[in-house]
Amino acid sequence: MQNTGTVYSSTERTPTVLPEMAELLPPLLGEQLAALEADILKNGCYSPIIVNEDMVIVDGHNRQKLCEQHDIPYNMAVFSFADLLEAKQWALDTQKGRRNLDKWELGKIALKLKPDLEAKARENMAAGGGDQKSEDAKSGSVNSPNPISAPVDTRKEMARAVGLGEQTMGRIAQIDEYAPAAVKEALDNRELSINQGYNLTKQLQEVPEEEREQAAAEAVEMEKAKKELRKQNAEIDQHKKIAGLFCKAFEKAVLLTPTEENVRIWVDCTRMRTEEIEDSVKEARELSETFSTIADILTLLLPDQEATP
């Protein structure tokens with residue numbers, strides 16, 4: 001990839017929107033698109049649309065579309081890419097830093113790159129011997145003029161392209177191929193994890209095909225209910241921890257008898273240095289404010305009592 005330094009205005013040239021480039025990344029959410037539109041209407045399109053040397057848009061599809069809708073001029077910076085696969089990889093790497101893409105979304109992007117990666121692998125094999133390698137293997141020849149290339153692991157290449165582990169990529173591929181629509185929809189909505197989606201997909205393979213969609217919908221609802229229950233339990237545990245901290249704080253505090261003699265004993269036995277005494281003074285005053293605030297809040301929780309005559 002290289003910036004050619006060439007810049008065109010939309011009044012000079014018209015870019016090409018290639019569906020496989022425009023649909024590579026998931027669409028912007030409604031709020032994100034509305035914020036982008038408001039920014040362009042207020043400030044114009046100050047960042048150039050990135051195109052390749054054939055004027056195909058590589059990055060900036062949403063901005064270009066909004067500019068066209070509102071008749072706002074924009075600039076296009078021409079970048080040189082070795083091929084469309086490199087352009088897609090660059091667009092993905094650029095957008096990953098701007099968007100909060102989860103593993104499922106990254107995996108779906110990787111699956112879109114699969115045909116390009118397979119085509120690239122075939123080109124590499126042809127350049128490295130390809131069919132000749134097979135003939136040499138059959139004849140036992142070790143004098144082939146072409147180097148023998150190791151077969152390309154497509155799953156590994158897909159995982160590498162989007163920054164996922166190979167196992168995760170393999171599970172996403174299985175889900176994409178075999179999972180019922182309800183499972184995929186739940187993953188799209190971030191209601192299931194990759195592991196949950198994969199396990200459900202495996203389990204549902206044993207269900208008769210005509211019953212699979214209904215079973216999938218029920219299984220997804222069950223997983224969502226379990227997730228909500230885990231969330232509630234986590235909140236309960238958190239509440240218990242908070243209550244425990246307050247109880248311990250009061251239990252320890254009431255054991256203190258803050259006389260001058262006891263404070264001196266504390267200082268002497270712990271061999272406090274001057275700076276440590278100063279820090280303890282500060283902490284004691286902060287604790288005093290904390291307990292004072294607690295007292296004020298507890299007072300608000302007391303039931304109202306009518307004044308007696």
# chains A, B, ... in the order shown; residues from 1 in each chain; ligands from 1
call {"tool": "residues_around", "arguments": {"residues": "region 47-50 of chain A", "least_positions_apart": "5", "cutoff": "9 Å", "atoms": "only C-alpha atoms", "output": "number ranges by chain"}}
result
A: 7, 55-61, 63-64, 74-79
call {"tool": "residues_around", "arguments": {"residues": "region 201-216 of chain A", "least_positions_apart": "5", "cutoff": "12 Å", "atoms": "only C-alpha atoms", "output": "ChimeraX atom specification"}}
result
/A:171-187,192,194-196,221-223
call {"tool": "atom_distance", "arguments": {"atom1": "CA of Gln2 (chain A)", "atom2": "CA of Phe81 (chain A)"}}
result
6.8 Å
call {"tool": "closest_residue", "arguments": {"among": "A:Thr154, A:Ala161, A:Asn189, A:Glu228", "to": "Leu29 (chain A)", "atoms": "only C-alpha atoms"}}
result
A:Asn189
call {"tool": "select_by_dssp", "arguments": {"residues": "region 148-246 of chain A", "states": "alpha helix (DSSP H)", "output": "ChimeraX atom specification"}}
result
/A:154-162,166-178,181-188,194-204,209-246
call {"tool": "closest_atom_pairs", "arguments": {"of": "region 46-142 of chain A", "to": "region 13-27 of chain A", "cutoff": "12 Å", "atoms": "only C-alpha atoms", "output": "JSON lines"}}
result
{"residue": "A:Ile49", "atom": "CA", "partner": "A:Pro15", "partner_atom": "CA", "distance": 9.3}
{"residue": "A:Ile50", "atom": "CA", "partner": "A:Pro15", "partner_atom": "CA", "distance": 9.8}
{"residue": "A:Val51", "atom": "CA", "partner": "A:Pro15", "partner_atom": "CA", "distance": 7.4}
{"residue": "A:Asn52", "atom": "CA", "partner": "A:Pro15", "partner_atom": "CA", "distance": 9.5}
{"residue": "A:Glu53", "atom": "CA", "partner": "A:Pro15", "partner_atom": "CA", "distance": 10.3}
{"residue": "A:Asp54", "atom": "CA", "partner": "A:Thr16", "partner_atom": "CA", "distance": 8.1}
{"residue": "A:Met55", "atom": "CA", "partner": "A:Pro15", "partner_atom": "CA", "distance": 5.0}
{"residue": "A:Val56", "atom": "CA", "partner": "A:Thr16", "partner_atom": "CA", "distance": 4.6}
{"residue": "A:Ile57", "atom": "CA", "partner": "A:Val17", "partner_atom": "CA", "distance": 5.8}
{"residue": "A:Val58", "atom": "CA", "partner": "A:Met21", "partner_atom": "CA", "distance": 6.5}
{"residue": "A:Asp59", "atom": "CA", "partner": "A:Ala22", "partner_atom": "CA", "distance": 8.4}
{"residue": "A:Gly60", "atom": "CA", "partner": "A:Ala22", "partner_atom": "CA", "distance": 8.9}
{"residue": "A:His61", "atom": "CA", "partner": "A:Ala22", "partner_atom": "CA", "distance": 6.2}
{"residue": "A:Asn62", "atom": "CA", "partner": "A:Pro27", "partner_atom": "CA", "distance": 8.6}
{"residue": "A:Arg63", "atom": "CA", "partner": "A:Ala22", "partner_atom": "CA", "distance": 11.6}
{"residue": "A:Gln64", "atom": "CA", "partner": "A:Pro15", "partner_atom": "CA", "distance": 9.1}
{"residue": "A:Lys65", "atom": "CA", "partner": "A:Val17", "partner_atom": "CA", "distance": 9.7}
{"residue": "A:Glu68", "atom": "CA", "partner": "A:Thr14", "partner_atom": "CA", "distance": 10.6}
{"residue": "A:Pro73", "atom": "CA", "partner": "A:Arg13", "partner_atom": "CA", "distance": 11.2}
{"residue": "A:Tyr74", "atom": "CA", "partner": "A:Arg13", "partner_atom": "CA", "distance": 10.5}
{"residue": "A:Asn75", "atom": "CA", "partner": "A:Arg13", "partner_atom": "CA", "distance": 9.5}
{"residue": "A:Met76", "atom": "CA", "partner": "A:Pro15", "partner_atom": "CA", "distance": 8.3}
{"residue": "A:Ala77", "atom": "CA", "partner": "A:Pro15", "partner_atom": "CA", "distance": 10.9}
{"residue": "A:Val78", "atom": "CA", "partner": "A:Pro15", "partner_atom": "CA", "distance": 10.6}
{"residue": "A:Leu84", "atom": "CA", "partner": "A:Met21", "partner_atom": "CA", "distance": 8.7}
{"residue": "A:Leu85", "atom": "CA", "partner": "A:Met21", "partner_atom": "CA", "distance": 9.8}
{"residue": "A:Glu86", "atom": "CA", "partner": "A:Met21", "partner_atom": "CA", "distance": 11.5}
{"residue": "A:Ala87", "atom": "CA", "partner": "A:Met21", "partner_atom": "CA", "distance": 8.6}
{"residue": "A:Lys88", "atom": "CA", "partner": "A:Met21", "partner_atom": "CA", "distance": 6.8}
{"residue": "A:Gln89", "atom": "CA", "partner": "A:Leu24", "partner_atom": "CA", "distance": 10.0}
{"residue": "A:Trp90", "atom": "CA", "partner": "A:Met21", "partner_atom": "CA", "distance": 11.2}
{"residue": "A:Ala91", "atom": "CA", "partner": "A:Met21", "partner_atom": "CA", "distance": 8.8}
{"residue": "A:Leu92", "atom": "CA", "partner": "A:Leu25", "partner_atom": "CA", "distance": 7.4}
{"residue": "A:Asp93", "atom": "CA", "partner": "A:Leu25", "partner_atom": "CA", "distance": 10.9}
{"residue": "A:Thr94", "atom": "CA", "partner": "A:Leu25", "partner_atom": "CA", "distance": 11.1}
{"residue": "A:Gln95", "atom": "CA", "partner": "A:Leu25", "partner_atom": "CA", "distance": 8.4}
{"residue": "A:Lys96", "atom": "CA", "partner": "A:Leu25", "partner_atom": "CA", "distance": 9.6}
{"residue": "A:Arg98", "atom": "CA", "partner": "A:Leu25", "partner_atom": "CA", "distance": 11.8}
{"residue": "A:Arg99", "atom": "CA", "partner": "A:Pro26", "partner_atom": "CA", "distance": 9.8}
{"residue": "A:Asn100", "atom": "CA", "partner": "A:Pro26", "partner_atom": "CA", "distance": 10.8}
{"residue": "A:Leu101", "atom": "CA", "partner": "A:Pro26", "partner_atom": "CA", "distance": 8.8}
{"residue": "A:Asp102", "atom": "CA", "partner": "A:Pro26", "partner_atom": "CA", "distance": 11.0}
{"residue": "A:Trp104", "atom": "CA", "partner": "A:Pro26", "partner_atom": "CA", "distance": 11.0}
{"residue": "A:Glu105", "atom": "CA", "partner": "A:Pro26", "partner_atom": "CA", "distance": 7.4}
{"residue": "A:Leu106", "atom": "CA", "partner": "A:Leu25", "partner_atom": "CA", "distance": 8.7}
{"residue": "A:Gly107", "atom": "CA", "partner": "A:Leu25", "partner_atom": "CA", "distance": 10.9}
{"residue": "A:Lys108", "atom": "CA", "partner": "A:Leu25", "partner_atom": "CA", "distance": 8.9}
{"residue": "A:Ile109", "atom": "CA", "partner": "A:Leu24", "partner_atom": "CA", "distance": 6.2}
{"residue": "A:Ala110", "atom": "CA", "partner": "A:Leu24", "partner_atom": "CA", "distance": 9.1}
{"residue": "A:Leu111", "atom": "CA", "partner": "A:Leu24", "partner_atom": "CA", "distance": 9.9}
{"residue": "A:Lys112", "atom": "CA", "partner": "A:Leu24", "partner_atom": "CA", "distance": 6.9}
{"residue": "A:Leu113", "atom": "CA", "partner": "A:Leu24", "partner_atom": "CA", "distance": 8.4}
{"residue": "A:Lys114", "atom": "CA", "partner": "A:Leu24", "partner_atom": "CA", "distance": 11.8}
{"residue": "A:Pro115", "atom": "CA", "partner": "A:Glu20", "partner_atom": "CA", "distance": 11.2}
{"residue": "A:Asp116", "atom": "CA", "partner": "A:Glu20", "partner_atom": "CA", "distance": 10.8}
call {"tool": "atom_distance", "arguments": {"atom1": "CA of Asp39 (chain A)", "atom2": "CA of Tyr8 (chain A)"}}
result
21.9 Å
call {"tool": "atom_distance", "arguments": {"atom1": "CA of Glu278 (chain A)", "atom2": "CA of Leu245 (chain A)"}}
result
25.7 Å
call {"tool": "decode", "arguments": {"residues": "region 71-117 of chain A", "atoms": "N, CA and C atoms", "output": "PDB file, in the first residue's frame"}}
result
ATOM      1  N   ASP A  71     -25.387  16.725  -1.441  1.00  0.00           N
ATOM      2  CA  ASP A  71     -24.704  17.543  -2.459  1.00  0.00           C
ATOM      3  C   ASP A  71     -23.547  18.332  -1.844  1.00  0.00           C
ATOM      4  N   ILE A  72     -22.736  17.640  -1.046  1.00  0.00           N
ATOM      5  CA  ILE A  72     -21.571  18.248  -0.408  1.00  0.00           C
ATOM      6  C   ILE A  72     -20.308  17.747  -1.117  1.00  0.00           C
ATOM      7  N   PRO A  73     -19.446  18.636  -1.573  1.00  0.00           N
ATOM      8  CA  PRO A  73     -18.227  18.198  -2.258  1.00  0.00           C
ATOM      9  C   PRO A  73     -17.260  17.504  -1.303  1.00  0.00           C
ATOM     10  N   TYR A  74     -16.429  16.644  -1.838  1.00  0.00           N
ATOM     11  CA  TYR A  74     -15.449  15.927  -1.026  1.00  0.00           C
ATOM     12  C   TYR A  74     -14.212  15.631  -1.877  1.00  0.00           C
ATOM     13  N   ASN A  75     -13.116  15.358  -1.206  1.00  0.00           N
ATOM     14  CA  ASN A  75     -11.867  15.006  -1.881  1.00  0.00           C
ATOM     15  C   ASN A  75     -11.608  13.512  -1.797  1.00  0.00           C
ATOM     16  N   MET A  76     -10.856  13.007  -2.757  1.00  0.00           N
ATOM     17  CA  MET A  76     -10.497  11.596  -2.795  1.00  0.00           C
ATOM     18  C   MET A  76      -8.984  11.469  -2.918  1.00  0.00           C
ATOM     19  N   ALA A  77      -8.374  10.775  -1.958  1.00  0.00           N
ATOM     20  CA  ALA A  77      -6.934  10.520  -1.997  1.00  0.00           C
ATOM     21  C   ALA A  77      -6.700   9.160  -2.631  1.00  0.00           C
ATOM     22  N   VAL A  78      -5.806   9.113  -3.617  1.00  0.00           N
ATOM     23  CA  VAL A  78      -5.550   7.871  -4.351  1.00  0.00           C
ATOM     24  C   VAL A  78      -4.402   7.101  -3.694  1.00  0.00           C
ATOM     25  N   PHE A  79      -4.703   5.869  -3.289  1.00  0.00           N
ATOM     26  CA  PHE A  79      -3.697   4.974  -2.722  1.00  0.00           C
ATOM     27  C   PHE A  79      -3.474   3.818  -3.701  1.00  0.00           C
ATOM     28  N   SER A  80      -2.261   3.333  -3.738  1.00  0.00           N
ATOM     29  CA  SER A  80      -1.934   2.208  -4.612  1.00  0.00           C
ATOM     30  C   SER A  80      -1.880   0.930  -3.784  1.00  0.00           C
ATOM     31  N   PHE A  81      -2.615  -0.091  -4.219  1.00  0.00           N
ATOM     32  CA  PHE A  81      -2.646  -1.389  -3.538  1.00  0.00           C
ATOM     33  C   PHE A  81      -2.215  -2.477  -4.520  1.00  0.00           C
ATOM     34  N   ALA A  82      -1.575  -3.509  -3.993  1.00  0.00           N
ATOM     35  CA  ALA A  82      -1.133  -4.611  -4.856  1.00  0.00           C
ATOM     36  C   ALA A  82      -2.314  -5.297  -5.514  1.00  0.00           C
ATOM     37  N   ASP A  83      -3.406  -5.442  -4.758  1.00  0.00           N
ATOM     38  CA  ASP A  83      -4.617  -6.074  -5.279  1.00  0.00           C
ATOM     39  C   ASP A  83      -5.773  -5.714  -4.355  1.00  0.00           C
ATOM     40  N   LEU A  84      -6.943  -6.244  -4.673  1.00  0.00           N
ATOM     41  CA  LEU A  84      -8.140  -5.922  -3.882  1.00  0.00           C
ATOM     42  C   LEU A  84      -8.052  -6.505  -2.481  1.00  0.00           C
ATOM     43  N   LEU A  85      -7.377  -7.642  -2.328  1.00  0.00           N
ATOM     44  CA  LEU A  85      -7.220  -8.241  -1.004  1.00  0.00           C
ATOM     45  C   LEU A  85      -6.424  -7.312  -0.088  1.00  0.00           C
ATOM     46  N   GLU A  86      -5.359  -6.727  -0.597  1.00  0.00           N
ATOM     47  CA  GLU A  86      -4.574  -5.793   0.213  1.00  0.00           C
ATOM     48  C   GLU A  86      -5.408  -4.568   0.565  1.00  0.00           C
ATOM     49  N   ALA A  87      -6.245  -4.120  -0.362  1.00  0.00           N
ATOM     50  CA  ALA A  87      -7.113  -2.970  -0.095  1.00  0.00           C
ATOM     51  C   ALA A  87      -8.106  -3.304   1.016  1.00  0.00           C
ATOM     52  N   LYS A  88      -8.672  -4.493   0.960  1.00  0.00           N
ATOM     53  CA  LYS A  88      -9.630  -4.907   1.990  1.00  0.00           C
ATOM     54  C   LYS A  88      -8.947  -5.012   3.347  1.00  0.00           C
ATOM     55  N   GLN A  89      -7.743  -5.605   3.352  1.00  0.00           N
ATOM     56  CA  GLN A  89      -7.012  -5.756   4.607  1.00  0.00           C
ATOM     57  C   GLN A  89      -6.686  -4.391   5.208  1.00  0.00           C
ATOM     58  N   TRP A  90      -6.296  -3.437   4.363  1.00  0.00           N
ATOM     59  CA  TRP A  90      -5.972  -2.093   4.844  1.00  0.00           C
ATOM     60  C   TRP A  90      -7.219  -1.414   5.408  1.00  0.00           C
ATOM     61  N   ALA A  91      -8.351  -1.541   4.706  1.00  0.00           N
ATOM     62  CA  ALA A  91      -9.597  -0.929   5.184  1.00  0.00           C
ATOM     63  C   ALA A  91      -9.996  -1.526   6.528  1.00  0.00           C
ATOM     64  N   LEU A  92      -9.845  -2.844   6.668  1.00  0.00           N
ATOM     65  CA  LEU A  92     -10.187  -3.506   7.920  1.00  0.00           C
ATOM     66  C   LEU A  92      -9.280  -3.036   9.046  1.00  0.00           C
ATOM     67  N   ASP A  93      -7.969  -3.006   8.794  1.00  0.00           N
ATOM     68  CA  ASP A  93      -7.028  -2.583   9.828  1.00  0.00           C
ATOM     69  C   ASP A  93      -7.296  -1.134  10.252  1.00  0.00           C
ATOM     70  N   THR A  94      -7.680  -0.301   9.295  1.00  0.00           N
ATOM     71  CA  THR A  94      -7.964   1.104   9.593  1.00  0.00           C
ATOM     72  C   THR A  94      -9.232   1.242  10.447  1.00  0.00           C
ATOM     73  N   GLN A  95     -10.260   0.490  10.094  1.00  0.00           N
ATOM     74  CA  GLN A  95     -11.542   0.625  10.782  1.00  0.00           C
ATOM     75  C   GLN A  95     -11.570  -0.066  12.138  1.00  0.00           C
ATOM     76  N   LYS A  96     -10.730  -1.089  12.333  1.00  0.00           N
ATOM     77  CA  LYS A  96     -10.723  -1.805  13.614  1.00  0.00           C
ATOM     78  C   LYS A  96     -10.409  -0.870  14.767  1.00  0.00           C
ATOM     79  N   GLY A  97      -9.586   0.152  14.496  1.00  0.00           N
ATOM     80  CA  GLY A  97      -9.250   1.110  15.543  1.00  0.00           C
ATOM     81  C   GLY A  97     -10.348   2.109  15.817  1.00  0.00           C
ATOM     82  N   ARG A  98     -11.300   2.231  14.890  1.00  0.00           N
ATOM     83  CA  ARG A  98     -12.376   3.217  15.035  1.00  0.00           C
ATOM     84  C   ARG A  98     -13.662   2.593  15.570  1.00  0.00           C
ATOM     85  N   ARG A  99     -13.831   1.307  15.332  1.00  0.00           N
ATOM     86  CA  ARG A  99     -15.091   0.658  15.708  1.00  0.00           C
ATOM     87  C   ARG A  99     -14.860  -0.400  16.775  1.00  0.00           C
ATOM     88  N   ASN A 100     -15.900  -0.639  17.545  1.00  0.00           N
ATOM     89  CA  ASN A 100     -15.844  -1.658  18.586  1.00  0.00           C
ATOM     90  C   ASN A 100     -16.376  -2.972  18.013  1.00  0.00           C
ATOM     91  N   LEU A 101     -15.556  -3.622  17.183  1.00  0.00           N
ATOM     92  CA  LEU A 101     -15.975  -4.860  16.536  1.00  0.00           C
ATOM     93  C   LEU A 101     -15.699  -6.051  17.458  1.00  0.00           C
ATOM     94  N   ASP A 102     -16.714  -6.885  17.686  1.00  0.00           N
ATOM     95  CA  ASP A 102     -16.495  -8.058  18.526  1.00  0.00           C
ATOM     96  C   ASP A 102     -15.981  -9.224  17.674  1.00  0.00           C
ATOM     97  N   LYS A 103     -15.712 -10.352  18.323  1.00  0.00           N
ATOM     98  CA  LYS A 103     -15.101 -11.489  17.628  1.00  0.00           C
ATOM     99  C   LYS A 103     -16.013 -12.048  16.536  1.00  0.00           C
ATOM    100  N   TRP A 104     -17.315 -12.067  16.782  1.00  0.00           N
ATOM    101  CA  TRP A 104     -18.246 -12.577  15.784  1.00  0.00           C
ATOM    102  C   TRP A 104     -18.232 -11.696  14.537  1.00  0.00           C
ATOM    103  N   GLU A 105     -18.232 -10.391  14.721  1.00  0.00           N
ATOM    104  CA  GLU A 105     -18.195  -9.475  13.583  1.00  0.00           C
ATOM    105  C   GLU A 105     -16.888  -9.607  12.808  1.00  0.00           C
ATOM    106  N   LEU A 106     -15.771  -9.741  13.540  1.00  0.00           N
ATOM    107  CA  LEU A 106     -14.480  -9.933  12.883  1.00  0.00           C
ATOM    108  C   LEU A 106     -14.451 -11.240  12.110  1.00  0.00           C
ATOM    109  N   GLY A 107     -15.041 -12.266  12.700  1.00  0.00           N
ATOM    110  CA  GLY A 107     -15.089 -13.559  12.019  1.00  0.00           C
ATOM    111  C   GLY A 107     -15.893 -13.504  10.731  1.00  0.00           C
ATOM    112  N   LYS A 108     -17.000 -12.781  10.745  1.00  0.00           N
ATOM    113  CA  LYS A 108     -17.814 -12.659   9.528  1.00  0.00           C
ATOM    114  C   LYS A 108     -17.052 -11.900   8.444  1.00  0.00           C
ATOM    115  N   ILE A 109     -16.257 -10.918   8.850  1.00  0.00           N
ATOM    116  CA  ILE A 109     -15.422 -10.204   7.879  1.00  0.00           C
ATOM    117  C   ILE A 109     -14.394 -11.154   7.283  1.00  0.00           C
ATOM    118  N   ALA A 110     -13.803 -11.993   8.140  1.00  0.00           N
ATOM    119  CA  ALA A 110     -12.804 -12.952   7.665  1.00  0.00           C
ATOM    120  C   ALA A 110     -13.411 -13.909   6.635  1.00  0.00           C
ATOM    121  N   LEU A 111     -14.649 -14.315   6.865  1.00  0.00           N
ATOM    122  CA  LEU A 111     -15.315 -15.216   5.919  1.00  0.00           C
ATOM    123  C   LEU A 111     -15.539 -14.531   4.573  1.00  0.00           C
ATOM    124  N   LYS A 112     -15.736 -13.221   4.594  1.00  0.00           N
ATOM    125  CA  LYS A 112     -15.868 -12.479   3.334  1.00  0.00           C
ATOM    126  C   LYS A 112     -14.531 -12.423   2.587  1.00  0.00           C
ATOM    127  N   LEU A 113     -13.430 -12.490   3.341  1.00  0.00           N
ATOM    128  CA  LEU A 113     -12.109 -12.468   2.732  1.00  0.00           C
ATOM    129  C   LEU A 113     -11.688 -13.842   2.199  1.00  0.00           C
ATOM    130  N   LYS A 114     -12.420 -14.884   2.579  1.00  0.00           N
ATOM    131  CA  LYS A 114     -12.023 -16.249   2.225  1.00  0.00           C
ATOM    132  C   LYS A 114     -11.810 -16.453   0.726  1.00  0.00           C
ATOM    133  N   PRO A 115     -12.729 -16.021  -0.169  1.00  0.00           N
ATOM    134  CA  PRO A 115     -12.496 -16.215  -1.609  1.00  0.00           C
ATOM    135  C   PRO A 115     -11.209 -15.546  -2.086  1.00  0.00           C
ATOM    136  N   ASP A 116     -10.907 -14.345  -1.568  1.00  0.00           N
ATOM    137  CA  ASP A 116      -9.690 -13.644  -1.965  1.00  0.00           C
ATOM    138  C   ASP A 116      -8.448 -14.384  -1.476  1.00  0.00           C
ATOM    139  N   LEU A 117      -8.514 -14.901  -0.242  1.00  0.00           N
ATOM    140  CA  LEU A 117      -7.379 -15.632   0.309  1.00  0.00           C
ATOM    141  C   LEU A 117      -7.144 -16.924  -0.452  1.00  0.00           C
TER     142      LEU A 117
END
